[in-house]
Amino acid sequence: MQETFTSVSADLNSQRVFPWISDGLAFGGDYSPEQWPEETWLEDVELMRRAGVNSVNLGVFSWGLLEVADGVFEWGWLDRIMDLLHAGGVGVNLATPTAAPPMWLLAAHPEITTVDEFGHRTQRGGRLAWDPSSPVFRTYALRMVRALAERYGQHPALRLWHVSNEIGNENARSYSPDAEREWQVWLERRFGDIEALNSAWGTTFWGHHYTSFDQVMPPRHARTGHNPGLLLDFERFTSDALLGHYLAEREVLRGVTPDIPITTNFMVMGSPSTADYGRWAREVDLVANDHYTQGADPEREGELSFSADRVRGMSGGRPWLLIEHSTSAVNWQTINRAKSRGELARNSLAHVARGADGALFFQWRASTAGSEQYHSAIVPHAGADSRVFREVTELGATLRALAPIRGSRVAPARVALLLDEASAYAWRSGRKPHGELGYFDLPLKFHRELTRRHVAVDVIAPGELGGYDLVIVPTLYLATPGTDEALAAVVERGGHVLVSYLSGIVDPHNRVISGGYPGAYRDLLGVWVDEHYPLFDDEVVPLDSGASAHGWTERVAVRGAETLARFAGGELVGEPAITRRTVGSGTATYLAARLDRAGLGTLVDDLLALAGIEPVVVAEAGLEVSRRVSDSASYLFLINHADVERTAHASGTDLVSGATYDGVVGVPAGAVVVLEESR
Ligand code: GAL
């Protein structure tokens with residue numbers, strides 16, 4: 001059987017190396033001059049200079065304005081703005097405009113759009129909409145891409161190809177006839193023969209035995225649950241089909257402009273996406289991410305840091321680009337709250353602190369028409385005499401002062417947190433013991449506890465764990481081959497591993513590993529779980545350690561591990577809730593309960609003490625800290641999320657103000673200080 005899907009970014013080292021896309025850190029945003037009369041363009045470029053913008057994403061949704069009828073191209077306006085931007089010293093990340101097929105194409109070929117699981121075809125009037133499996137769409141898209149590359153490939157403003165936009169955002173999971181054909185080909189390539197598929201998915205259940213690949217439908221609406229193996233493979237297929245479109249565009253661009261780097265914007269934020277970005281990251285010349293905070297989440301900065309650390313993991317530790325975020329409110333949440341004073345800079349710089357070599361916004365100028373008319377921008381509806389424009393301009397000056405950090409990397413962490421899209425896909429593929437637990441629930445909570453303690457953590461896919469002293473494995477549901485051995489090796493060399501409930505439960509085909517949970521890691525942990533006990537919303541089970549369990553518990557028997565805490569109530573009273581197996585100086589801890597915040601914090605303190613892990617610096621609560629290092633320097637980011645001054649123990653020179661500190665740094669409420677540390 002051919003393995004068509006993995007999530008380990010093993011080939012990152014073979015990535016091509018290009019000059020960085022701007023002088024200093026990249027700063028700017030999505031620019032849609034087509035929405036404005038040309039007089040406004042002159043003002044735009046003037047304001048860009050004032051704000052310090054050096055990089056824009058151009059042409060993202062402009063296909064219908066460039067190819068005005070089938071095969072009829074009108075480049076005039078794009079020629080003029082490319083020249084104008086170049087003259088103004090602004091570099092261009094030129095988008096292939098395939099994220100919005102033109103109306104004439106949709107009218108002539110309605111079959112290029114996606115179909116949902118109920119058979120509804122996506123109609124005209126939105127964006128993306130195209131089916132990555134449509135050969136007709138592919139032909140038109142690649143003709144456009146080639147024409148664009150041939151026209152602008154030598155333009156001096158061109159720095160980066162920005163392929164399409166958020167591929168998969170509004171066009172993931174198509175159930176169309178085209179998708180069905182490609183899915184069946186994909187399955188045949190993966191399994192080779194139909195009996196291998198039957199065996200992998202366990203199709204004897206409900207007598208689903210297939211006798212040929214053309215009987216295997218995409219999981220269209222069927223009133224009952226589909227086979228979990230089929231669902232998981234459909235997730236993989238979806239990611240591969242979308243990636244296939246990116247690769248096809250990339251091939252055209254590389255053929256025309258081999259020396260221009262190519263990327264596409266990922267959506268690493270919030271919940272797990274439909275694209276397996278760990279795998280996609282190998283295919284881009286620069287990892288670029290879009291990130292938007294949830295205004296209603298009081299701890300949104302924690303989710304931001306978690307996402308930024310995930311992106312760094314995908315880029316193999318290399319600097320990456322924050323290619324979209326917002327200056328203030330978005331327009332797609334229920335209540336679109338403006339960012340508070342200083343939040344814009346804290347957000348941008350938190351990404352930079354975690355490895356981004358630039359921060360671009362969606363968008364330059366707020367649209368007056370169209371479905372995003374209330375989305376924030378660098379230049380709001382009110383114009384440049386506004387709080388947001390002033391804050392952006394200040395940020396531009398800060399980023400110019402931070403130019404020396406470009407190319408530096410986040411200092412290596414001693415803690416790894418394992419995260420894997422395959423586990424997310426497997427967990428949401430099929431009916432589960434707890435239907436409301438999302439895959440990111442526990443990884444995000446661990447990340448928050450570490451970040452609050454100012455401890456650096458790498459968020460990485462399962463694979464080589466060489467340099468880590470503490471490895472946290474939260475709800476890593478699917479056991480990728482080799483992860484058990486990699487974890488055992490950490491413990492054997494004296495390192496420490498924490499595995500939580502719902503880890504190592506299924507194999508790569510989403511089949512339960514039998515013989516007691518967690519099948520893949522029971523020997524490592526010295527435990528054996530015979531039954532899950534998910535809890536109802538109003539149930540709270542105390543532990544004898546003082547912690548409490550919510551949402552999840554399970555019946556554990558120790559087989560070589562000692563018990564650290566027990567359930568002190570409920571059905572499992574007296575049974576182990578947290579256990580530890582010791583091997584020489586290494587340990588393997590098992591967490592069988594979804595703990596309250598304080599309980600999880602105590603566990604994290606215990607693990608850090610066990611592994612002897614210190615914070616990046618000693619700092620007060622409310623400060624977010626991160627260190628980037630180069631061969632010759634070390635830079636400390638101190639981001640104050642509190643509304644009073646906070647201090648950290650550090651020495652060095654503030655890269656922005658030039659102030660020097662010897663021992664203690666005070667960071668004003670809501671402010672950010674970046675120090676070049678004294679050596
Ligand atoms: C992104 C998208 C942008 C814009 C933005 C609004 O998902 O790439 O084009 O729609 O969201 O927040």
# chains A, B, ... in the order shown; residues from 1 in each chain; ligands from 1
>>> residues_around(residues="range 619-636 of chain A", least_positions_apart="6", cutoff="9 Å", atoms="only C-alpha atoms", output="PyMOL selection string")
chain A and resi 350+353-355+405+407-412+451-456+642-643+646-650+652+655+667+673-679
>>> residues_near_ligand(ligand="ligand 1", cutoff="7 Å", atoms="only C-alpha atoms and all ligand atoms", output="number ranges by chain")
A: 165-166, 290, 292, 326, 330-332, 362, 375
>>> residues_around(residues="Gly29 in chain A", least_positions_apart="6", cutoff="6 Å", atoms="only C-alpha atoms", output="PyMOL selection string")
chain A and resi 56-57+360-364
>>> residues_around(residues="Gly71 in chain A", least_positions_apart="6", cutoff="10 Å", atoms="only C-alpha atoms", output="PyMOL selection string")
chain A and resi 140+143-144+147
>>> write_last_selection(atoms="N, CA, C and O atoms", output="mmCIF file, in the first residue's frame")
data_model
loop_
_atom_site.group_PDB
_atom_site.id
_atom_site.type_symbol
_atom_site.label_atom_id
_atom_site.label_comp_id
_atom_site.auth_asym_id
_atom_site.auth_seq_id
_atom_site.Cartn_x
_atom_site.Cartn_y
_atom_site.Cartn_z
ATOM 1 N N TYR A 140 -8.527 26.599 -17.068
ATOM 2 C CA TYR A 140 -8.674 28.061 -17.100
ATOM 3 C C TYR A 140 -7.722 28.733 -16.106
ATOM 4 O O TYR A 140 -7.112 29.763 -16.395
ATOM 5 N N ARG A 143 -4.111 28.752 -17.304
ATOM 6 C CA ARG A 143 -3.889 29.704 -18.405
ATOM 7 C C ARG A 143 -3.726 31.119 -17.836
ATOM 8 O O ARG A 143 -2.846 31.872 -18.241
ATOM 9 N N MET A 144 -4.564 31.438 -16.854
ATOM 10 C CA MET A 144 -4.462 32.767 -16.222
ATOM 11 C C MET A 144 -3.119 32.927 -15.517
ATOM 12 O O MET A 144 -2.448 33.966 -15.630
ATOM 13 N N ALA A 147 -0.317 33.464 -17.989
ATOM 14 C CA ALA A 147 -0.358 34.805 -18.591
ATOM 15 C C ALA A 147 0.180 35.838 -17.596
ATOM 16 O O ALA A 147 0.961 36.725 -17.958
#
>>> residues_around(residues="Pro380 in chain A", least_positions_apart="3", cutoff="8 Å", atoms="only C-alpha atoms", output="short mmCIF file (atom, residue, chain, number, x, y, z; two decimals) with N, CA, C and O atoms, in the first residue's frame")
data_model
loop_
_atom_site.label_atom_id
_atom_site.label_comp_id
_atom_site.auth_asym_id
_atom_site.auth_seq_id
_atom_site.Cartn_x
_atom_site.Cartn_y
_atom_site.Cartn_z
N ARG A 365 -6.82 49.39 2.54
CA ARG A 365 -7.86 50.42 2.64
C ARG A 365 -9.21 49.73 2.79
O ARG A 365 -9.51 48.78 2.06
N ALA A 366 -10.03 50.21 3.72
CA ALA A 366 -11.33 49.56 3.97
C ALA A 366 -12.26 49.74 2.77
O ALA A 366 -12.42 50.85 2.27
N SER A 376 -11.92 45.91 9.15
CA SER A 376 -10.94 46.95 9.42
C SER A 376 -9.83 46.94 8.37
O SER A 376 -9.67 45.98 7.61
N ALA A 377 -9.03 48.00 8.38
CA ALA A 377 -7.95 48.15 7.41
C ALA A 377 -6.89 49.07 8.02
O ALA A 377 -7.08 49.61 9.12
N GLY A 383 -10.37 57.44 7.15
CA GLY A 383 -9.17 58.00 6.53
C GLY A 383 -7.97 57.88 7.45
O GLY A 383 -8.01 57.22 8.50
N ALA A 384 -6.89 58.55 7.04
CA ALA A 384 -5.62 58.38 7.75
C ALA A 384 -5.57 59.12 9.08
O ALA A 384 -4.74 58.80 9.94
N SER A 386 -6.76 58.86 11.95
CA SER A 386 -7.56 57.93 12.75
C SER A 386 -6.63 57.16 13.68
O SER A 386 -5.43 57.03 13.42
N VAL A 388 -6.41 53.96 14.21
CA VAL A 388 -5.79 52.77 13.64
C VAL A 388 -4.61 53.16 12.76
O VAL A 388 -3.53 52.56 12.86
N PHE A 389 -4.79 54.16 11.90
CA PHE A 389 -3.66 54.52 11.03
C PHE A 389 -2.46 54.97 11.87
O PHE A 389 -1.32 54.63 11.57
#
>>> select_by_dssp(residues="range 329-524 of chain A", states="strand (DSSP E or B)", output="PyMOL selection string")
chain A and resi 356-361+365+379+409-410+415-418+457-460+470-473+478+496-500+506+512+517
>>> residues_around(residues="Ala157 in chain A", least_positions_apart="6", cutoff="9 Å", atoms="only C-alpha atoms", output="list in words")
Met82, Asp83, Leu85, His86, Ala87, Gly89, Val90, Gly91, Val92 and Asn93 of chain A
>>> atom_distance(atom1="CA of Ala397 in chain A", atom2="CA of Asp309 in chain A")
25.0 Å
>>> closest_residue(among="A:Thr238, A:Ser22, A:Thr257, A:Thr368", to="Glu150 in chain A", atoms="only C-alpha atoms")
A:Thr257
>>> select_by_dssp(residues="range 482-671 of chain A", states="alpha helix (DSSP H)", output="list in words")
Thr483, Asp484, Glu485, Ala486, Leu487, Ala488, Ala489, Val490, Val491, Glu492, Arg522, Asp523, Leu524, Leu525, Arg597, Ala598, Gly599, Leu600, Gly601, Thr602, Leu603, Val604, Asp605, Asp606, Leu607, Leu608, Ala609, Leu610 and Ala611 of chain A
>>> closest_residue(among="A:Leu465, A:Leu524, A:Ala99, A:Ile639", to="Asn171 in chain A", atoms="only C-alpha atoms")
A:Ala99
>>> residues_around(residues="Arg594 in chain A", least_positions_apart="4", cutoff="9 Å", atoms="only C-alpha atoms", output="number ranges by chain")
A: 442, 500-501, 548-553, 600
>>> closest_atom_pairs(of="range 169-287 of chain A", to="range 117-138 of chain A", cutoff="12 Å", atoms="only C-alpha atoms", output="CSV")
residue,atom,partner,partner_atom,distance
A:Asn169,CA,A:Leu128,CA,7.8
A:Glu170,CA,A:Leu128,CA,6.0
A:Asn171,CA,A:Ala129,CA,5.2
A:Ala172,CA,A:Asp131,CA,8.1
A:Arg173,CA,A:Glu117,CA,8.4
A:Ser174,CA,A:Asp131,CA,6.5
A:Tyr175,CA,A:Glu117,CA,5.8
A:Ser176,CA,A:Gly119,CA,7.6
A:Pro177,CA,A:Ser134,CA,9.1
A:Asp178,CA,A:Ser133,CA,5.6
A:Ala179,CA,A:Ser133,CA,5.2
A:Glu180,CA,A:Ser133,CA,8.7
A:Arg181,CA,A:Ser133,CA,8.4
A:Glu182,CA,A:Ser133,CA,6.4
A:Trp183,CA,A:Ser133,CA,8.8
A:Gln184,CA,A:Ser133,CA,11.6
A:Val185,CA,A:Ser133,CA,11.3
A:Trp186,CA,A:Ser133,CA,11.2
A:Met217,CA,A:Glu117,CA,10.9
A:Pro218,CA,A:Glu117,CA,8.4
A:Pro219,CA,A:Glu117,CA,7.1
A:Arg220,CA,A:Glu117,CA,4.4
A:His221,CA,A:Glu117,CA,5.3
A:Ala222,CA,A:Glu117,CA,9.0
A:Arg223,CA,A:Phe118,CA,10.7
A:Phe237,CA,A:Ser133,CA,10.5
A:Thr238,CA,A:Pro132,CA,8.8
A:Ser239,CA,A:Pro132,CA,10.0
A:Asp240,CA,A:Pro132,CA,9.5
A:Ala241,CA,A:Pro132,CA,5.9
A:Leu242,CA,A:Pro132,CA,5.6
A:Leu243,CA,A:Pro132,CA,8.6
A:Gly244,CA,A:Pro132,CA,7.6
A:His245,CA,A:Pro132,CA,6.0
A:Tyr246,CA,A:Pro132,CA,9.3
A:Leu247,CA,A:Pro132,CA,11.3
A:Ala248,CA,A:Arg138,CA,8.3
A:Glu249,CA,A:Arg138,CA,8.9
A:Val252,CA,A:Arg138,CA,11.8
>>> closest_residue(among="A:Phe446, A:Trp206, A:Phe191, A:Trp63", to="Val145 in chain A", atoms="only C-alpha atoms")
A:Trp63
>>> atom_distance(atom1="CA of Val558 in chain A", atom2="CA of Ala592 in chain A")
11.6 Å
>>> closest_residue(among="A:Thr96, A:Ser62, A:Ser315, A:Ser199", to="Ser32 in chain A", atoms="only C-alpha atoms")
A:Ser62
>>> atom_distance(atom1="CA of Leu478 in chain A", atom2="CA of Leu444 in chain A")
17.8 Å
>>> decode(residues="range 315-347 of chain A", atoms="N, CA, C and O atoms", output="PDB file, in the first residue's frame")
ATOM      1  N   SER A 315       7.336  25.354   9.807  1.00  0.00           N
ATOM      2  CA  SER A 315       8.410  25.869   8.958  1.00  0.00           C
ATOM      3  C   SER A 315       9.765  25.346   9.437  1.00  0.00           C
ATOM      4  O   SER A 315      10.797  25.856   9.021  1.00  0.00           O
ATOM      5  N   GLY A 316       9.740  24.354  10.291  1.00  0.00           N
ATOM      6  CA  GLY A 316      10.984  23.712  10.734  1.00  0.00           C
ATOM      7  C   GLY A 316      11.866  24.677  11.513  1.00  0.00           C
ATOM      8  O   GLY A 316      13.089  24.549  11.513  1.00  0.00           O
ATOM      9  N   GLY A 317      11.245  25.677  12.181  1.00  0.00           N
ATOM     10  CA  GLY A 317      12.018  26.626  12.987  1.00  0.00           C
ATOM     11  C   GLY A 317      12.484  27.831  12.190  1.00  0.00           C
ATOM     12  O   GLY A 317      12.939  28.814  12.754  1.00  0.00           O
ATOM     13  N   ARG A 318      12.396  27.743  10.863  1.00  0.00           N
ATOM     14  CA  ARG A 318      12.815  28.870  10.018  1.00  0.00           C
ATOM     15  C   ARG A 318      11.859  30.057  10.168  1.00  0.00           C
ATOM     16  O   ARG A 318      10.667  29.847  10.399  1.00  0.00           O
ATOM     17  N   PRO A 319      12.366  31.276   9.940  1.00  0.00           N
ATOM     18  CA  PRO A 319      11.459  32.414   9.962  1.00  0.00           C
ATOM     19  C   PRO A 319      10.334  32.237   8.945  1.00  0.00           C
ATOM     20  O   PRO A 319      10.528  31.635   7.881  1.00  0.00           O
ATOM     21  N   TRP A 320       9.183  32.745   9.268  1.00  0.00           N
ATOM     22  CA  TRP A 320       8.005  32.629   8.422  1.00  0.00           C
ATOM     23  C   TRP A 320       7.378  34.009   8.304  1.00  0.00           C
ATOM     24  O   TRP A 320       7.911  34.975   8.868  1.00  0.00           O
ATOM     25  N   LEU A 321       6.286  34.102   7.580  1.00  0.00           N
ATOM     26  CA  LEU A 321       5.680  35.414   7.340  1.00  0.00           C
ATOM     27  C   LEU A 321       4.232  35.416   7.800  1.00  0.00           C
ATOM     28  O   LEU A 321       3.450  34.555   7.397  1.00  0.00           O
ATOM     29  N   LEU A 322       3.903  36.400   8.621  1.00  0.00           N
ATOM     30  CA  LEU A 322       2.493  36.637   8.953  1.00  0.00           C
ATOM     31  C   LEU A 322       1.938  37.469   7.799  1.00  0.00           C
ATOM     32  O   LEU A 322       2.186  38.668   7.719  1.00  0.00           O
ATOM     33  N   ILE A 323       1.207  36.816   6.903  1.00  0.00           N
ATOM     34  CA  ILE A 323       0.855  37.486   5.646  1.00  0.00           C
ATOM     35  C   ILE A 323      -0.516  38.157   5.725  1.00  0.00           C
ATOM     36  O   ILE A 323      -0.860  38.981   4.879  1.00  0.00           O
ATOM     37  N   GLU A 324      -1.318  37.818   6.732  1.00  0.00           N
ATOM     38  CA  GLU A 324      -2.583  38.513   6.978  1.00  0.00           C
ATOM     39  C   GLU A 324      -2.890  38.476   8.460  1.00  0.00           C
ATOM     40  O   GLU A 324      -2.758  37.431   9.098  1.00  0.00           O
ATOM     41  N   HIS A 325      -3.290  39.587   9.002  1.00  0.00           N
ATOM     42  CA  HIS A 325      -4.016  39.659  10.278  1.00  0.00           C
ATOM     43  C   HIS A 325      -4.769  40.981  10.235  1.00  0.00           C
ATOM     44  O   HIS A 325      -4.733  41.668   9.212  1.00  0.00           O
ATOM     45  N   SER A 326      -5.483  41.324  11.284  1.00  0.00           N
ATOM     46  CA  SER A 326      -6.320  42.522  11.154  1.00  0.00           C
ATOM     47  C   SER A 326      -5.791  43.657  12.022  1.00  0.00           C
ATOM     48  O   SER A 326      -5.195  43.423  13.073  1.00  0.00           O
ATOM     49  N   THR A 327      -6.029  44.872  11.545  1.00  0.00           N
ATOM     50  CA  THR A 327      -5.632  46.031  12.356  1.00  0.00           C
ATOM     51  C   THR A 327      -6.607  46.198  13.514  1.00  0.00           C
ATOM     52  O   THR A 327      -6.239  46.670  14.581  1.00  0.00           O
ATOM     53  N   SER A 328      -7.881  45.831  13.266  1.00  0.00           N
ATOM     54  CA  SER A 328      -8.887  45.992  14.315  1.00  0.00           C
ATOM     55  C   SER A 328      -9.976  44.935  14.109  1.00  0.00           C
ATOM     56  O   SER A 328      -9.664  43.752  14.022  1.00  0.00           O
ATOM     57  N   ALA A 329     -11.241  45.346  13.951  1.00  0.00           N
ATOM     58  CA  ALA A 329     -12.328  44.358  13.866  1.00  0.00           C
ATOM     59  C   ALA A 329     -12.299  43.584  12.545  1.00  0.00           C
ATOM     60  O   ALA A 329     -11.876  44.105  11.520  1.00  0.00           O
ATOM     61  N   VAL A 330     -12.784  42.344  12.586  1.00  0.00           N
ATOM     62  CA  VAL A 330     -13.084  41.627  11.345  1.00  0.00           C
ATOM     63  C   VAL A 330     -14.568  41.845  11.062  1.00  0.00           C
ATOM     64  O   VAL A 330     -15.236  42.613  11.765  1.00  0.00           O
ATOM     65  N   ASN A 331     -15.100  41.179  10.060  1.00  0.00           N
ATOM     66  CA  ASN A 331     -16.534  41.371   9.772  1.00  0.00           C
ATOM     67  C   ASN A 331     -17.288  40.049   9.753  1.00  0.00           C
ATOM     68  O   ASN A 331     -18.436  40.008   9.350  1.00  0.00           O
ATOM     69  N   TRP A 332     -16.621  38.962  10.201  1.00  0.00           N
ATOM     70  CA  TRP A 332     -17.260  37.649  10.040  1.00  0.00           C
ATOM     71  C   TRP A 332     -17.554  36.973  11.375  1.00  0.00           C
ATOM     72  O   TRP A 332     -17.979  35.830  11.392  1.00  0.00           O
ATOM     73  N   GLN A 333     -17.332  37.674  12.498  1.00  0.00           N
ATOM     74  CA  GLN A 333     -17.740  37.098  13.776  1.00  0.00           C
ATOM     75  C   GLN A 333     -19.136  37.631  14.102  1.00  0.00           C
ATOM     76  O   GLN A 333     -19.679  38.427  13.336  1.00  0.00           O
ATOM     77  N   THR A 334     -19.728  37.181  15.195  1.00  0.00           N
ATOM     78  CA  THR A 334     -21.101  37.616  15.455  1.00  0.00           C
ATOM     79  C   THR A 334     -21.108  39.087  15.852  1.00  0.00           C
ATOM     80  O   THR A 334     -21.844  39.904  15.305  1.00  0.00           O
ATOM     81  N   ILE A 335     -20.266  39.418  16.810  1.00  0.00           N
ATOM     82  CA  ILE A 335     -20.088  40.824  17.174  1.00  0.00           C
ATOM     83  C   ILE A 335     -18.629  41.135  16.872  1.00  0.00           C
ATOM     84  O   ILE A 335     -17.726  40.502  17.422  1.00  0.00           O
ATOM     85  N   ASN A 336     -18.421  42.064  15.964  1.00  0.00           N
ATOM     86  CA  ASN A 336     -17.060  42.314  15.484  1.00  0.00           C
ATOM     87  C   ASN A 336     -16.445  43.467  16.263  1.00  0.00           C
ATOM     88  O   ASN A 336     -16.576  44.628  15.896  1.00  0.00           O
ATOM     89  N   ARG A 337     -15.789  43.105  17.330  1.00  0.00           N
ATOM     90  CA  ARG A 337     -15.258  44.055  18.281  1.00  0.00           C
ATOM     91  C   ARG A 337     -13.954  44.662  17.758  1.00  0.00           C
ATOM     92  O   ARG A 337     -13.079  43.935  17.279  1.00  0.00           O
ATOM     93  N   ALA A 338     -13.845  45.987  17.880  1.00  0.00           N
ATOM     94  CA  ALA A 338     -12.588  46.658  17.523  1.00  0.00           C
ATOM     95  C   ALA A 338     -11.501  46.234  18.505  1.00  0.00           C
ATOM     96  O   ALA A 338     -11.783  45.943  19.665  1.00  0.00           O
ATOM     97  N   LYS A 339     -10.257  46.216  18.044  1.00  0.00           N
ATOM     98  CA  LYS A 339      -9.163  45.902  18.972  1.00  0.00           C
ATOM     99  C   LYS A 339      -8.989  47.061  19.941  1.00  0.00           C
ATOM    100  O   LYS A 339      -9.238  48.219  19.593  1.00  0.00           O
ATOM    101  N   SER A 340      -8.550  46.728  21.143  1.00  0.00           N
ATOM    102  CA  SER A 340      -8.346  47.791  22.126  1.00  0.00           C
ATOM    103  C   SER A 340      -7.015  48.493  21.831  1.00  0.00           C
ATOM    104  O   SER A 340      -6.194  47.989  21.058  1.00  0.00           O
ATOM    105  N   ARG A 341      -6.828  49.636  22.480  1.00  0.00           N
ATOM    106  CA  ARG A 341      -5.606  50.411  22.252  1.00  0.00           C
ATOM    107  C   ARG A 341      -4.365  49.541  22.485  1.00  0.00           C
ATOM    108  O   ARG A 341      -4.288  48.846  23.494  1.00  0.00           O
ATOM    109  N   GLY A 342      -3.471  49.536  21.532  1.00  0.00           N
ATOM    110  CA  GLY A 342      -2.221  48.792  21.699  1.00  0.00           C
ATOM    111  C   GLY A 342      -2.311  47.318  21.335  1.00  0.00           C
ATOM    112  O   GLY A 342      -1.293  46.645  21.200  1.00  0.00           O
ATOM    113  N   GLU A 343      -3.521  46.819  21.161  1.00  0.00           N
ATOM    114  CA  GLU A 343      -3.669  45.383  20.868  1.00  0.00           C
ATOM    115  C   GLU A 343      -3.077  45.041  19.497  1.00  0.00           C
ATOM    116  O   GLU A 343      -2.504  43.967  19.304  1.00  0.00           O
ATOM    117  N   LEU A 344      -3.230  45.974  18.588  1.00  0.00           N
ATOM    118  CA  LEU A 344      -2.694  45.767  17.234  1.00  0.00           C
ATOM    119  C   LEU A 344      -1.191  45.465  17.307  1.00  0.00           C
ATOM    120  O   LEU A 344      -0.713  44.469  16.761  1.00  0.00           O
ATOM    121  N   ALA A 345      -0.444  46.309  18.003  1.00  0.00           N
ATOM    122  CA  ALA A 345       1.010  46.105  18.081  1.00  0.00           C
ATOM    123  C   ALA A 345       1.344  44.848  18.880  1.00  0.00           C
ATOM    124  O   ALA A 345       2.236  44.079  18.502  1.00  0.00           O
ATOM    125  N   ARG A 346       0.593  44.613  19.959  1.00  0.00           N
ATOM    126  CA  ARG A 346       0.882  43.399  20.752  1.00  0.00           C
ATOM    127  C   ARG A 346       0.668  42.152  19.889  1.00  0.00           C
ATOM    128  O   ARG A 346       1.461  41.223  19.909  1.00  0.00           O
ATOM    129  N   ASN A 347      -0.412  42.161  19.111  1.00  0.00           N
ATOM    130  CA  ASN A 347      -0.688  40.997  18.252  1.00  0.00           C
ATOM    131  C   ASN A 347       0.419  40.819  17.213  1.00  0.00           C
ATOM    132  O   ASN A 347       0.979  39.736  17.060  1.00  0.00           O
TER     133      ASN A 347
END
